[in-house]
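Note sheet for the following structure.
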Amino acid sequence: MSWHQLNQPTGREATVSHVIEAIDATAPETKEDLADQLDLSTHYISEIFQELKSEGVITKSYVIDNDAVYKTADAVSPLQNKTLDGTDDGNHILDLFQSLYDNVLKQYQAAKTTFLGDNPPRTAEELEPVTNERYGAVLSELRSYTLSTKWPGNRVAADLASIAKDLEIVGDRSSFISEVISQADAAPSGTVKTRLLDIFDSGEKISDIVETILFEGDVSQISTLHSTEKQIHRQMSELYELATAFDVDIYGHLVVLIRTVERIIHHWVNVGELAVQVHTGLDPGHVEL
């Protein structure tokens, strides 16, 4: 992910941020390579390297330590203890995220209820405008923060914006499921329906784990999240095979439902992984917690 911000730092601070971004993006083999890439003198690059090494931001092998980078963003790390402006008078941004999260989950649950043939209190489509409104409120807050915060604090804001987008997509895909079900000529039954319901239930388990990571800061749950995701993918592989026993129309309907739930789970897992990164500065896809 790019670390650029809307209000770029100036002077030496800007150079330092460009050096870190270049190392993270290209992994240069030598200081000379990096100096050529950034059109800077090797001597100046050496000075910056010494500074960054002393802070633990980079290692001798020119690898960025995200944990050290995030620690310099003291207004947002750890997220659960402070608001984005660094004050301790509330958790406004987390409240906005919680509100968005709650409505998205309601959309998913409404889609599941529709799949079961029942009528939810409000359909996923009816809840969609609420999700859009709450998503907009989160982005508005993050935009204001990005405009007023120096690098690398707004790198974290970018991660939070990605989390919000993933949640918005979950809500949108849930609405799509309801639409697909309402337009289908026939509904799945028997073992296939039971298996698909199991996957819907597993999606809610994923959501619960992600919520714990994001709002409670329990990053140890990332291993449970990944293992649960793998289990769901095994369930889906088996269900794809079962779906081939049906005629073409039902097969197409089932594949759309399975694939859409699969994408929903993918975006929820993205939220969990980004939440770990925001809380710790570590990329859970590459670092063992």
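Simple scheme: letters A, B, ... for chains in structure tokens order, numbers from 1 for residues in each chain, numbers from 1 for ligands in the order shown.
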Legend entry - For A:Leu100: contacts at 12 Å, only C-alpha atoms, fewer than 6 positions along chain excluded, given as a list in words: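 Here the answer would be Ile93, Leu94, Lys106, Gln107, Leu127, Glu128, Pro129, Val130, Thr131, Asn132, Glu133, Arg134, Tyr135, Gly136, Ala137, Val138, Leu139, Ile163, Ala164, Lys165, Asp166, Leu167, Glu168, Ile169, Val170, Gly171 and Glu211 of chain A.
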Residues as selected, N, CA, C and O atoms, written as a CSV table (one decimal), in the first residue's frame, can you do that?
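The result, stored in result-v5.csv:
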chain,number,residue,atom,x,y,z
A,93,ILE,N,-14.0,7.8,16.1
A,93,ILE,CA,-13.8,7.0,14.9
A,93,ILE,C,-14.3,5.6,15.1
A,93,ILE,O,-14.8,4.9,14.2
A,94,LEU,N,-14.0,5.0,16.2
A,94,LEU,CA,-14.4,3.6,16.5
A,94,LEU,C,-15.9,3.5,16.6
A,94,LEU,O,-16.5,2.5,16.2
A,106,LYS,N,-26.1,-6.8,9.9
A,106,LYS,CA,-27.5,-7.0,9.8
A,106,LYS,C,-27.9,-7.3,8.3
A,106,LYS,O,-28.8,-8.2,8.1
A,107,GLN,N,-27.2,-6.7,7.4
A,107,GLN,CA,-27.4,-7.0,6.0
A,107,GLN,C,-27.1,-8.5,5.7
A,107,GLN,O,-27.9,-9.2,5.0
A,127,LEU,N,-31.6,-2.1,4.0
A,127,LEU,CA,-30.5,-1.7,4.9
A,127,LEU,C,-29.3,-1.0,4.1
A,127,LEU,O,-28.5,-0.4,4.7
A,128,GLU,N,-29.3,-1.2,2.8
A,128,GLU,CA,-28.2,-0.7,2.0
A,128,GLU,C,-28.0,0.8,2.1
A,128,GLU,O,-26.8,1.2,2.3
A,129,PRO,N,-29.0,1.6,2.0
A,129,PRO,CA,-28.8,3.1,2.2
A,129,PRO,C,-28.2,3.5,3.5
A,129,PRO,O,-27.4,4.4,3.6
A,130,VAL,N,-28.5,2.7,4.6
A,130,VAL,CA,-28.0,3.0,5.9
A,130,VAL,C,-26.5,2.7,5.9
A,130,VAL,O,-25.6,3.5,6.4
A,131,THR,N,-26.1,1.6,5.3
A,131,THR,CA,-24.7,1.3,5.2
A,131,THR,C,-23.9,2.3,4.4
A,131,THR,O,-22.8,2.8,4.8
A,132,ASN,N,-24.5,2.8,3.3
A,132,ASN,CA,-23.9,3.8,2.5
A,132,ASN,C,-23.7,5.1,3.2
A,132,ASN,O,-22.6,5.8,3.1
A,133,GLU,N,-24.7,5.5,4.0
A,133,GLU,CA,-24.6,6.7,4.8
A,133,GLU,C,-23.5,6.6,5.9
A,133,GLU,O,-22.7,7.5,6.1
A,134,ARG,N,-23.4,5.4,6.5
A,134,ARG,CA,-22.4,5.2,7.6
A,134,ARG,C,-21.0,5.1,7.0
A,134,ARG,O,-20.0,5.6,7.6
A,135,TYR,N,-20.9,4.5,5.9
A,135,TYR,CA,-19.6,4.4,5.2
A,135,TYR,C,-19.1,5.8,4.8
A,135,TYR,O,-18.0,6.1,5.0
A,136,GLY,N,-20.0,6.6,4.3
A,136,GLY,CA,-19.7,8.0,4.0
A,136,GLY,C,-19.2,8.8,5.2
A,136,GLY,O,-18.3,9.6,5.1
A,137,ALA,N,-19.9,8.5,6.3
A,137,ALA,CA,-19.5,9.2,7.6
A,137,ALA,C,-18.0,8.9,8.0
A,137,ALA,O,-17.3,9.7,8.4
A,138,VAL,N,-17.7,7.6,7.9
A,138,VAL,CA,-16.4,7.1,8.2
A,138,VAL,C,-15.3,7.7,7.3
A,138,VAL,O,-14.3,8.3,7.8
A,139,LEU,N,-15.6,7.7,6.0
A,139,LEU,CA,-14.7,8.3,5.1
A,139,LEU,C,-14.5,9.8,5.3
A,139,LEU,O,-13.4,10.3,5.1
A,163,ILE,N,-10.4,-0.7,5.4
A,163,ILE,CA,-11.3,-1.5,6.2
A,163,ILE,C,-12.7,-1.1,6.0
A,163,ILE,O,-13.6,-1.9,5.8
A,164,ALA,N,-13.0,0.2,5.9
A,164,ALA,CA,-14.3,0.7,5.7
A,164,ALA,C,-14.9,0.3,4.3
A,164,ALA,O,-16.0,-0.1,4.2
A,165,LYS,N,-14.0,0.3,3.3
A,165,LYS,CA,-14.4,-0.1,2.0
A,165,LYS,C,-14.7,-1.6,2.0
A,165,LYS,O,-15.7,-2.0,1.4
A,166,ASP,N,-13.9,-2.4,2.6
A,166,ASP,CA,-14.2,-3.9,2.7
A,166,ASP,C,-15.6,-4.1,3.3
A,166,ASP,O,-16.4,-5.0,2.9
A,167,LEU,N,-15.9,-3.4,4.4
A,167,LEU,CA,-17.2,-3.5,5.1
A,167,LEU,C,-18.3,-3.1,4.2
A,167,LEU,O,-19.4,-3.8,4.1
A,168,GLU,N,-18.1,-2.0,3.5
A,168,GLU,CA,-19.2,-1.6,2.5
A,168,GLU,C,-19.4,-2.6,1.4
A,168,GLU,O,-20.6,-2.8,1.1
A,169,ILE,N,-18.4,-3.3,1.0
A,169,ILE,CA,-18.5,-4.3,0.0
A,169,ILE,C,-19.3,-5.5,0.5
A,169,ILE,O,-20.1,-6.1,-0.2
A,170,VAL,N,-19.0,-5.9,1.8
A,170,VAL,CA,-19.8,-7.0,2.4
A,170,VAL,C,-21.3,-6.6,2.4
A,170,VAL,O,-22.1,-7.5,2.1
A,171,GLY,N,-21.6,-5.4,2.7
A,171,GLY,CA,-23.1,-5.0,2.7
A,171,GLY,C,-23.6,-5.1,1.3
A,171,GLY,O,-24.7,-5.6,1.1
A,211,GLU,N,-14.6,-8.8,14.4
A,211,GLU,CA,-15.1,-7.8,15.3
A,211,GLU,C,-14.2,-7.8,16.6
A,211,GLU,O,-13.9,-6.7,17.1
Legend entry - Pick from A:Glu126, A:Glu141, A:Asp198, A:Glu51 nearest to A:Ser175, counting only C-alpha atoms: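 Once distances to A:Ser175 are computed over only C-alpha atoms, the minimum belongs to A:Glu126.
Nearest residue to A:Val256, choosing from A:Ser178, A:Ser46, A:Thr114, A:Thr191 and counting only C-alpha atoms: A:Ser178.
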Legend entry - Distance in Å - atom CA of A:Phe49 versus atom CA of A:Val278: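 Separating atom CA of A:Phe49 from atom CA of A:Val278 is a distance of 24.8 Å.
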Inset, instruction - Tell me, in Å to one decimal, how far atom CA of A:Gly203 is from atom CA of A:Tyr101. - result: 14.1 Å
Legend entry - Expected answer as number ranges by chain: alpha helix (DSSP H) residues in stretch 150-285 of chain A: A: 153-183, 190-216, 222-243, 248-280
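Distance check against A:Ile20 using only C-alpha atoms: of A:Leu142, A:Leu40, A:Ala110, A:Leu52, the minimum falls on A:Leu52.
Counting only C-alpha atoms and comparing A:Ala157, A:Val219, A:Ala186, A:Leu257, the residue that lies closest to A:Glu273 is A:Val219.
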Inset, instruction - Fewer than 6 positions away in the same chain doesn't count, so skip those; otherwise give me all residues within 12 Å of stretch 262-265 of chain A, counting only C-alpha atoms, as a ChimeraX atom specification. - result: /A:104-105,107-108,111,166-177,196,199-210,225-226,228-237,239-240,255-256,271-272
Include N, CA and C atoms and write out the residues we just selected as a CSV table (one decimal), in the first residue's frame.
chain,number,residue,atom,x,y,z
A,104,VAL,N,-23.8,-3.6,8.5
A,104,VAL,CA,-23.3,-4.5,7.5
A,104,VAL,C,-23.7,-6.0,7.9
A,105,LEU,N,-23.4,-6.3,9.2
A,105,LEU,CA,-23.7,-7.6,9.7
A,105,LEU,C,-25.2,-7.9,9.6
A,107,GLN,N,-27.2,-6.7,7.4
A,107,GLN,CA,-27.4,-7.0,6.0
A,107,GLN,C,-27.1,-8.5,5.7
A,108,TYR,N,-26.0,-9.0,6.2
A,108,TYR,CA,-25.6,-10.4,5.9
A,108,TYR,C,-26.6,-11.3,6.6
A,111,ALA,N,-29.7,-11.4,4.5
A,111,ALA,CA,-29.6,-12.3,3.3
A,111,ALA,C,-29.7,-13.7,3.7
A,166,ASP,N,-13.9,-2.4,2.6
A,166,ASP,CA,-14.2,-3.9,2.7
A,166,ASP,C,-15.6,-4.1,3.3
A,167,LEU,N,-15.9,-3.4,4.4
A,167,LEU,CA,-17.2,-3.5,5.1
A,167,LEU,C,-18.3,-3.1,4.2
A,168,GLU,N,-18.1,-2.0,3.5
A,168,GLU,CA,-19.2,-1.6,2.5
A,168,GLU,C,-19.4,-2.6,1.4
A,169,ILE,N,-18.4,-3.3,1.0
A,169,ILE,CA,-18.5,-4.3,0.0
A,169,ILE,C,-19.3,-5.5,0.5
A,170,VAL,N,-19.0,-5.9,1.8
A,170,VAL,CA,-19.8,-7.0,2.4
A,170,VAL,C,-21.3,-6.6,2.4
A,171,GLY,N,-21.6,-5.4,2.7
A,171,GLY,CA,-23.1,-5.0,2.7
A,171,GLY,C,-23.6,-5.1,1.3
A,172,ASP,N,-22.9,-4.6,0.4
A,172,ASP,CA,-23.3,-4.6,-1.0
A,172,ASP,C,-23.5,-6.1,-1.6
A,173,ARG,N,-22.6,-6.9,-1.2
A,173,ARG,CA,-22.7,-8.3,-1.7
A,173,ARG,C,-23.9,-9.0,-1.0
A,174,SER,N,-24.1,-8.7,0.2
A,174,SER,CA,-25.3,-9.2,1.0
A,174,SER,C,-26.6,-8.9,0.3
A,175,SER,N,-26.7,-7.6,-0.2
A,175,SER,CA,-27.8,-7.2,-0.9
A,175,SER,C,-28.0,-8.0,-2.2
A,176,PHE,N,-26.8,-8.2,-2.9
A,176,PHE,CA,-26.8,-9.0,-4.1
A,176,PHE,C,-27.4,-10.4,-3.9
A,177,ILE,N,-27.0,-11.0,-2.8
A,177,ILE,CA,-27.5,-12.4,-2.5
A,177,ILE,C,-29.0,-12.4,-2.4
A,196,LEU,N,-25.0,-25.2,2.4
A,196,LEU,CA,-24.9,-23.7,2.2
A,196,LEU,C,-25.2,-22.9,3.4
A,199,ILE,N,-22.3,-22.8,5.6
A,199,ILE,CA,-21.3,-21.8,5.2
A,199,ILE,C,-21.8,-20.4,5.6
A,200,PHE,N,-23.1,-20.1,5.5
A,200,PHE,CA,-23.6,-18.8,6.0
A,200,PHE,C,-23.3,-18.7,7.5
A,201,ASP,N,-23.5,-19.7,8.2
A,201,ASP,CA,-23.2,-19.7,9.7
A,201,ASP,C,-21.7,-19.5,9.9
A,202,SER,N,-20.9,-20.1,9.1
A,202,SER,CA,-19.4,-19.9,9.3
A,202,SER,C,-19.0,-18.5,9.0
A,203,GLY,N,-19.7,-17.9,8.0
A,203,GLY,CA,-19.5,-16.5,7.7
A,203,GLY,C,-19.7,-15.6,9.0
A,204,GLU,N,-20.7,-15.9,9.7
A,204,GLU,CA,-21.0,-15.2,10.9
A,204,GLU,C,-19.9,-15.4,12.0
A,205,LYS,N,-19.4,-16.6,12.0
A,205,LYS,CA,-18.2,-16.9,12.9
A,205,LYS,C,-17.0,-16.0,12.6
A,206,ILE,N,-16.8,-15.9,11.2
A,206,ILE,CA,-15.7,-15.1,10.8
A,206,ILE,C,-15.9,-13.6,11.2
A,207,SER,N,-17.2,-13.2,11.1
A,207,SER,CA,-17.5,-11.8,11.5
A,207,SER,C,-17.2,-11.6,12.9
A,208,ASP,N,-17.6,-12.5,13.8
A,208,ASP,CA,-17.4,-12.4,15.2
A,208,ASP,C,-15.9,-12.3,15.5
A,209,ILE,N,-15.1,-13.1,14.9
A,209,ILE,CA,-13.6,-13.0,15.1
A,209,ILE,C,-13.1,-11.7,14.7
A,210,VAL,N,-13.5,-11.2,13.5
A,210,VAL,CA,-13.0,-10.0,13.0
A,210,VAL,C,-13.4,-8.8,13.9
A,225,LEU,N,-8.8,-16.8,12.9
A,225,LEU,CA,-9.4,-16.3,11.7
A,225,LEU,C,-8.9,-17.0,10.5
A,226,HIS,N,-7.6,-17.2,10.4
A,226,HIS,CA,-7.0,-17.9,9.2
A,226,HIS,C,-7.4,-19.4,9.2
A,228,THR,N,-10.1,-20.7,10.5
A,228,THR,CA,-11.6,-20.8,10.2
A,228,THR,C,-11.8,-20.5,8.7
A,229,GLU,N,-11.1,-19.6,8.1
A,229,GLU,CA,-11.2,-19.3,6.7
A,229,GLU,C,-10.8,-20.5,5.9
A,230,LYS,N,-9.8,-21.2,6.2
A,230,LYS,CA,-9.4,-22.4,5.5
A,230,LYS,C,-10.4,-23.5,5.6
A,231,GLN,N,-11.0,-23.7,6.8
A,231,GLN,CA,-12.1,-24.6,6.9
A,231,GLN,C,-13.3,-24.3,6.0
A,232,ILE,N,-13.6,-23.0,5.9
A,232,ILE,CA,-14.8,-22.6,5.1
A,232,ILE,C,-14.4,-22.9,3.6
A,233,HIS,N,-13.2,-22.7,3.2
A,233,HIS,CA,-12.9,-23.0,1.8
A,233,HIS,C,-13.0,-24.5,1.5
A,234,ARG,N,-12.7,-25.3,2.5
A,234,ARG,CA,-12.9,-26.7,2.3
A,234,ARG,C,-14.4,-27.1,2.1
A,235,GLN,N,-15.2,-26.4,3.0
A,235,GLN,CA,-16.6,-26.6,2.8
A,235,GLN,C,-17.1,-26.2,1.5
A,236,MET,N,-16.6,-25.1,1.0
A,236,MET,CA,-17.1,-24.6,-0.3
A,236,MET,C,-16.6,-25.5,-1.4
A,237,SER,N,-15.4,-26.0,-1.4
A,237,SER,CA,-15.0,-26.9,-2.4
A,237,SER,C,-15.9,-28.2,-2.5
A,239,LEU,N,-19.0,-28.2,-1.6
A,239,LEU,CA,-20.3,-27.8,-2.0
A,239,LEU,C,-20.3,-27.6,-3.5
A,240,TYR,N,-19.3,-27.0,-4.1
A,240,TYR,CA,-19.2,-26.9,-5.5
A,240,TYR,C,-19.3,-28.2,-6.2
A,255,VAL,N,-23.9,-21.7,-7.8
A,255,VAL,CA,-22.5,-21.1,-7.9
A,255,VAL,C,-22.5,-19.7,-7.6
A,256,VAL,N,-23.5,-18.9,-8.0
A,256,VAL,CA,-23.5,-17.5,-7.7
A,256,VAL,C,-23.6,-17.2,-6.2
A,271,VAL,N,-10.5,-7.3,6.5
A,271,VAL,CA,-10.7,-6.4,7.6
A,271,VAL,C,-9.9,-6.8,8.8
A,272,GLY,N,-10.0,-8.1,9.1
A,272,GLY,CA,-9.2,-8.6,10.3
A,272,GLY,C,-7.7,-8.4,10.1
